[in-house]
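This report concerns only the one structure given below.
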Amino acid sequence: MLRQFCLGTAIVLGTAALANGAFMLISPLSWYFAVPGVTTTGPFNQHFLRDIGLIFLFVGGAFLIGAARPAWRVALWSAASLWLCGHALFHFWEVAVGICGPSVLIRDFAAVTFPALVSGMLASWAVRENAVRPVTGSVVTM
């Protein structure tokens with residue numbers, strides 16, 4: 001049951017990251033104005049938004065590929081989680097040094113902090129799962 005929940009969660013997280021990354025790449029200006037709070041972080045920069053869009057494509061791909069390929073899961077989910085957690089910590093740092101007020105942490109929770117927490121839990125589960133049930137095949141079914 002836990003295994004199916006974690007794999008399903010990874011698929012949802014991966015799909016959401018892919019959708020966000022695609023939106024950032026296809027229509028960075030629309031993304032800039034659509035996401036609450038983004039316009040307060042600085043002027044529109046198409047190149048920067050597309051760079052971050054690529055990162056979200058990689059993060060999404062990592063969760064989706066990791067869900068399908070147990071042998072790659074720990075590495076892919078850990079790498080994706082490292083970026084998502086670093087991104088969330090950067091938002092906390094901005095509050096700590098006075099760049100933003102604490103209210104941004106609440107505003108950004110669903111899109112920044114929550115995915116980081118979920119990804120960290122998924123990566124931790126993958127490490128434990130791999131220790132208990134070492135991977136012998138490359139494709140898993142839910």
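Each chain in the structure tokens gets a letter, A, B, ..., in the order shown, and its residues are numbered from 1; ligands are numbered from 1 in order too.
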> Near Arg107 of chain A, counting only C-alpha atoms, which residues have an atom at most 9 Å away, once you skip same-chain residues fewer than 3 positions from it, shown as JSON, numbers by chain?
Replying inline: {"A": [36, 37, 103, 104, 110, 111]}
Just-selected residues, all heavy atoms written as a PDB file, in the first residue's frame:
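Contents of again17.pdb, as written:
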ATOM      1  N   PRO A  36       0.977  33.633  -8.674  1.00  0.00           N
ATOM      2  CA  PRO A  36       0.918  34.662  -7.635  1.00  0.00           C
ATOM      3  C   PRO A  36       2.287  34.953  -7.017  1.00  0.00           C
ATOM      4  O   PRO A  36       3.021  34.032  -6.658  1.00  0.00           O
ATOM      5  CB  PRO A  36      -0.030  34.071  -6.587  1.00  0.00           C
ATOM      6  CG  PRO A  36      -0.839  33.063  -7.329  1.00  0.00           C
ATOM      7  CD  PRO A  36       0.064  32.524  -8.402  1.00  0.00           C
ATOM      8  N   GLY A  37       2.599  36.233  -6.934  1.00  0.00           N
ATOM      9  CA  GLY A  37       3.823  36.670  -6.276  1.00  0.00           C
ATOM     10  C   GLY A  37       5.044  36.764  -7.157  1.00  0.00           C
ATOM     11  O   GLY A  37       6.028  37.401  -6.776  1.00  0.00           O
ATOM     12  N   SER A 103       4.995  36.512   4.994  1.00  0.00           N
ATOM     13  CA  SER A 103       3.752  36.110   4.320  1.00  0.00           C
ATOM     14  C   SER A 103       4.016  35.377   3.006  1.00  0.00           C
ATOM     15  O   SER A 103       3.178  34.588   2.555  1.00  0.00           O
ATOM     16  CB  SER A 103       2.858  37.333   4.063  1.00  0.00           C
ATOM     17  OG  SER A 103       3.494  38.221   3.168  1.00  0.00           O
ATOM     18  N   VAL A 104       5.176  35.598   2.393  1.00  0.00           N
ATOM     19  CA  VAL A 104       5.454  34.898   1.126  1.00  0.00           C
ATOM     20  C   VAL A 104       5.614  33.397   1.343  1.00  0.00           C
ATOM     21  O   VAL A 104       5.346  32.619   0.434  1.00  0.00           O
ATOM     22  CB  VAL A 104       6.689  35.470   0.373  1.00  0.00           C
ATOM     23  CG1 VAL A 104       6.524  36.936   0.066  1.00  0.00           C
ATOM     24  CG2 VAL A 104       7.969  35.210   1.114  1.00  0.00           C
ATOM     25  N   ALA A 110       2.266  25.999  -1.226  1.00  0.00           N
ATOM     26  CA  ALA A 110       1.760  24.928  -2.099  1.00  0.00           C
ATOM     27  C   ALA A 110       2.659  24.670  -3.304  1.00  0.00           C
ATOM     28  O   ALA A 110       2.783  23.531  -3.760  1.00  0.00           O
ATOM     29  CB  ALA A 110       0.343  25.258  -2.573  1.00  0.00           C
ATOM     30  N   ALA A 111       3.300  25.702  -3.815  1.00  0.00           N
ATOM     31  CA  ALA A 111       4.102  25.557  -5.036  1.00  0.00           C
ATOM     32  C   ALA A 111       5.588  25.357  -4.773  1.00  0.00           C
ATOM     33  O   ALA A 111       6.308  24.902  -5.666  1.00  0.00           O
ATOM     34  CB  ALA A 111       3.909  26.779  -5.931  1.00  0.00           C
TER      35      ALA A 111
END
> Val135 of chain A: which residues within 12 Å, counting only C-alpha atoms, same-chain residues fewer than 5 positions away excluded, as a list in words?
Replying inline: Arg69, Pro70, Ala71, Trp72, Arg73, Val74, Ala126, Val127, Arg128, Glu129, Asn130 and Val140 of chain A
> What are the DSSP helix (DSSP H, G or I) residues of chain A, as a PyMOL selection string?
Replying inline: chain A and resi 2-26+28-34+38-41+46-68+70-96+103-132
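Counting only C-alpha atoms and comparing A:Pro134, A:Gly60, A:Gly98, A:Gly42, the residue that lies closest to Ala10 of chain A is A:Gly60.
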> Near Thr113 of chain A, within 12 Å and counting only C-alpha atoms, which residues show up once chain neighbours fewer than 6 positions away are dropped, as a PyMOL selection string?
Replying inline: chain A and resi 81+83-92+104-107+119-120
Generate a file of the selected residues that holds all heavy atoms, formatted as a compact mmCIF listing (two decimals), in the first residue's frame.
# COMPACT_ATOMS: atom_id res chain seq x y z
N SER A 81 14.90 15.99 -5.59
CA SER A 81 14.58 16.50 -4.26
C SER A 81 15.61 17.52 -3.80
O SER A 81 15.26 18.52 -3.16
CB SER A 81 14.51 15.35 -3.26
OG SER A 81 14.23 15.83 -1.97
N TRP A 83 17.23 19.67 -5.60
CA TRP A 83 16.93 20.97 -6.20
C TRP A 83 15.67 21.59 -5.58
O TRP A 83 15.66 22.77 -5.23
CB TRP A 83 16.75 20.87 -7.72
CG TRP A 83 16.64 22.26 -8.28
CD1 TRP A 83 17.66 23.10 -8.60
CD2 TRP A 83 15.44 23.00 -8.50
NE1 TRP A 83 17.16 24.31 -9.02
CE2 TRP A 83 15.79 24.28 -8.97
CE3 TRP A 83 14.09 22.70 -8.36
CZ2 TRP A 83 14.87 25.26 -9.29
CZ3 TRP A 83 13.15 23.68 -8.68
CH2 TRP A 83 13.54 24.93 -9.13
N LEU A 84 14.61 20.80 -5.44
CA LEU A 84 13.37 21.34 -4.88
C LEU A 84 13.58 21.84 -3.45
O LEU A 84 13.06 22.90 -3.07
CB LEU A 84 12.25 20.29 -4.92
CG LEU A 84 11.71 19.96 -6.31
CD1 LEU A 84 10.78 18.74 -6.25
CD2 LEU A 84 10.99 21.15 -6.93
N CYS A 85 14.34 21.09 -2.64
CA CYS A 85 14.61 21.53 -1.26
C CYS A 85 15.50 22.77 -1.25
O CYS A 85 15.28 23.68 -0.44
CB CYS A 85 15.23 20.39 -0.46
SG CYS A 85 14.07 19.05 -0.11
N GLY A 86 16.49 22.81 -2.12
CA GLY A 86 17.33 24.01 -2.22
C GLY A 86 16.52 25.23 -2.61
O GLY A 86 16.71 26.33 -2.07
N HIS A 87 15.60 25.06 -3.53
CA HIS A 87 14.71 26.14 -3.96
C HIS A 87 13.87 26.63 -2.78
O HIS A 87 13.75 27.84 -2.54
CB HIS A 87 13.83 25.63 -5.11
CG HIS A 87 12.86 26.62 -5.63
ND1 HIS A 87 11.58 26.27 -5.96
CD2 HIS A 87 12.95 27.95 -5.88
CE1 HIS A 87 10.92 27.34 -6.40
NE2 HIS A 87 11.73 28.37 -6.35
N ALA A 88 13.30 25.70 -2.02
CA ALA A 88 12.49 26.09 -0.86
C ALA A 88 13.35 26.79 0.20
O ALA A 88 12.94 27.81 0.76
CB ALA A 88 11.81 24.85 -0.26
N LEU A 89 14.54 26.26 0.45
CA LEU A 89 15.43 26.90 1.43
C LEU A 89 15.82 28.30 0.99
O LEU A 89 15.97 29.21 1.83
CB LEU A 89 16.66 26.03 1.68
CG LEU A 89 16.40 24.76 2.47
CD1 LEU A 89 17.65 23.89 2.51
CD2 LEU A 89 15.91 25.09 3.87
N PHE A 90 15.98 28.51 -0.30
CA PHE A 90 16.28 29.84 -0.81
C PHE A 90 15.14 30.82 -0.48
O PHE A 90 15.39 31.97 -0.10
CB PHE A 90 16.53 29.79 -2.32
CG PHE A 90 16.83 31.12 -2.93
CD1 PHE A 90 18.00 31.80 -2.62
CD2 PHE A 90 15.93 31.72 -3.80
CE1 PHE A 90 18.28 33.04 -3.17
CE2 PHE A 90 16.19 32.95 -4.36
CZ PHE A 90 17.37 33.62 -4.04
N HIS A 91 13.90 30.36 -0.58
CA HIS A 91 12.76 31.21 -0.23
C HIS A 91 12.80 31.56 1.26
O HIS A 91 12.53 32.70 1.64
CB HIS A 91 11.44 30.52 -0.58
CG HIS A 91 11.11 30.60 -2.04
ND1 HIS A 91 9.98 31.22 -2.50
CD2 HIS A 91 11.75 30.15 -3.15
CE1 HIS A 91 9.94 31.15 -3.82
NE2 HIS A 91 11.00 30.49 -4.24
N PHE A 92 13.15 30.59 2.10
CA PHE A 92 13.28 30.87 3.54
C PHE A 92 14.43 31.84 3.80
O PHE A 92 14.32 32.72 4.65
CB PHE A 92 13.49 29.56 4.33
CG PHE A 92 12.22 28.83 4.60
CD1 PHE A 92 11.72 27.90 3.69
CD2 PHE A 92 11.50 29.06 5.76
CE1 PHE A 92 10.54 27.22 3.93
CE2 PHE A 92 10.31 28.39 6.02
CZ PHE A 92 9.83 27.46 5.10
N VAL A 104 5.18 35.60 2.39
CA VAL A 104 5.45 34.90 1.13
C VAL A 104 5.61 33.40 1.34
O VAL A 104 5.35 32.62 0.43
CB VAL A 104 6.69 35.47 0.37
CG1 VAL A 104 6.52 36.94 0.07
CG2 VAL A 104 7.97 35.21 1.11
N LEU A 105 6.03 33.00 2.55
CA LEU A 105 6.17 31.57 2.82
C LEU A 105 4.81 30.89 2.80
O LEU A 105 4.69 29.75 2.33
CB LEU A 105 6.87 31.34 4.16
CG LEU A 105 8.31 31.85 4.24
CD1 LEU A 105 8.87 31.64 5.62
CD2 LEU A 105 9.18 31.19 3.18
N ILE A 106 3.80 31.59 3.27
CA ILE A 106 2.44 31.05 3.23
C ILE A 106 1.94 31.04 1.79
O ILE A 106 1.40 30.03 1.32
CB ILE A 106 1.51 31.87 4.15
CG1 ILE A 106 1.96 31.71 5.60
CG2 ILE A 106 0.06 31.44 3.98
CD1 ILE A 106 1.38 32.71 6.55
N ARG A 107 2.15 32.15 1.09
CA ARG A 107 1.69 32.25 -0.30
C ARG A 107 2.35 31.19 -1.17
O ARG A 107 1.72 30.59 -2.03
CB ARG A 107 2.03 33.64 -0.84
CG ARG A 107 1.59 33.86 -2.28
CD ARG A 107 2.26 35.06 -2.91
NE ARG A 107 3.68 34.81 -3.06
CZ ARG A 107 4.60 35.77 -3.07
NH1 ARG A 107 4.27 37.02 -2.93
NH2 ARG A 107 5.88 35.47 -3.22
N SER A 119 8.99 15.67 -1.98
CA SER A 119 10.12 15.06 -2.69
C SER A 119 11.14 14.47 -1.72
O SER A 119 11.70 13.40 -1.98
CB SER A 119 10.78 16.07 -3.63
OG SER A 119 11.50 17.05 -2.90
N GLY A 120 11.37 15.16 -0.62
CA GLY A 120 12.30 14.63 0.39
C GLY A 120 11.79 13.33 0.98
O GLY A 120 12.56 12.38 1.20
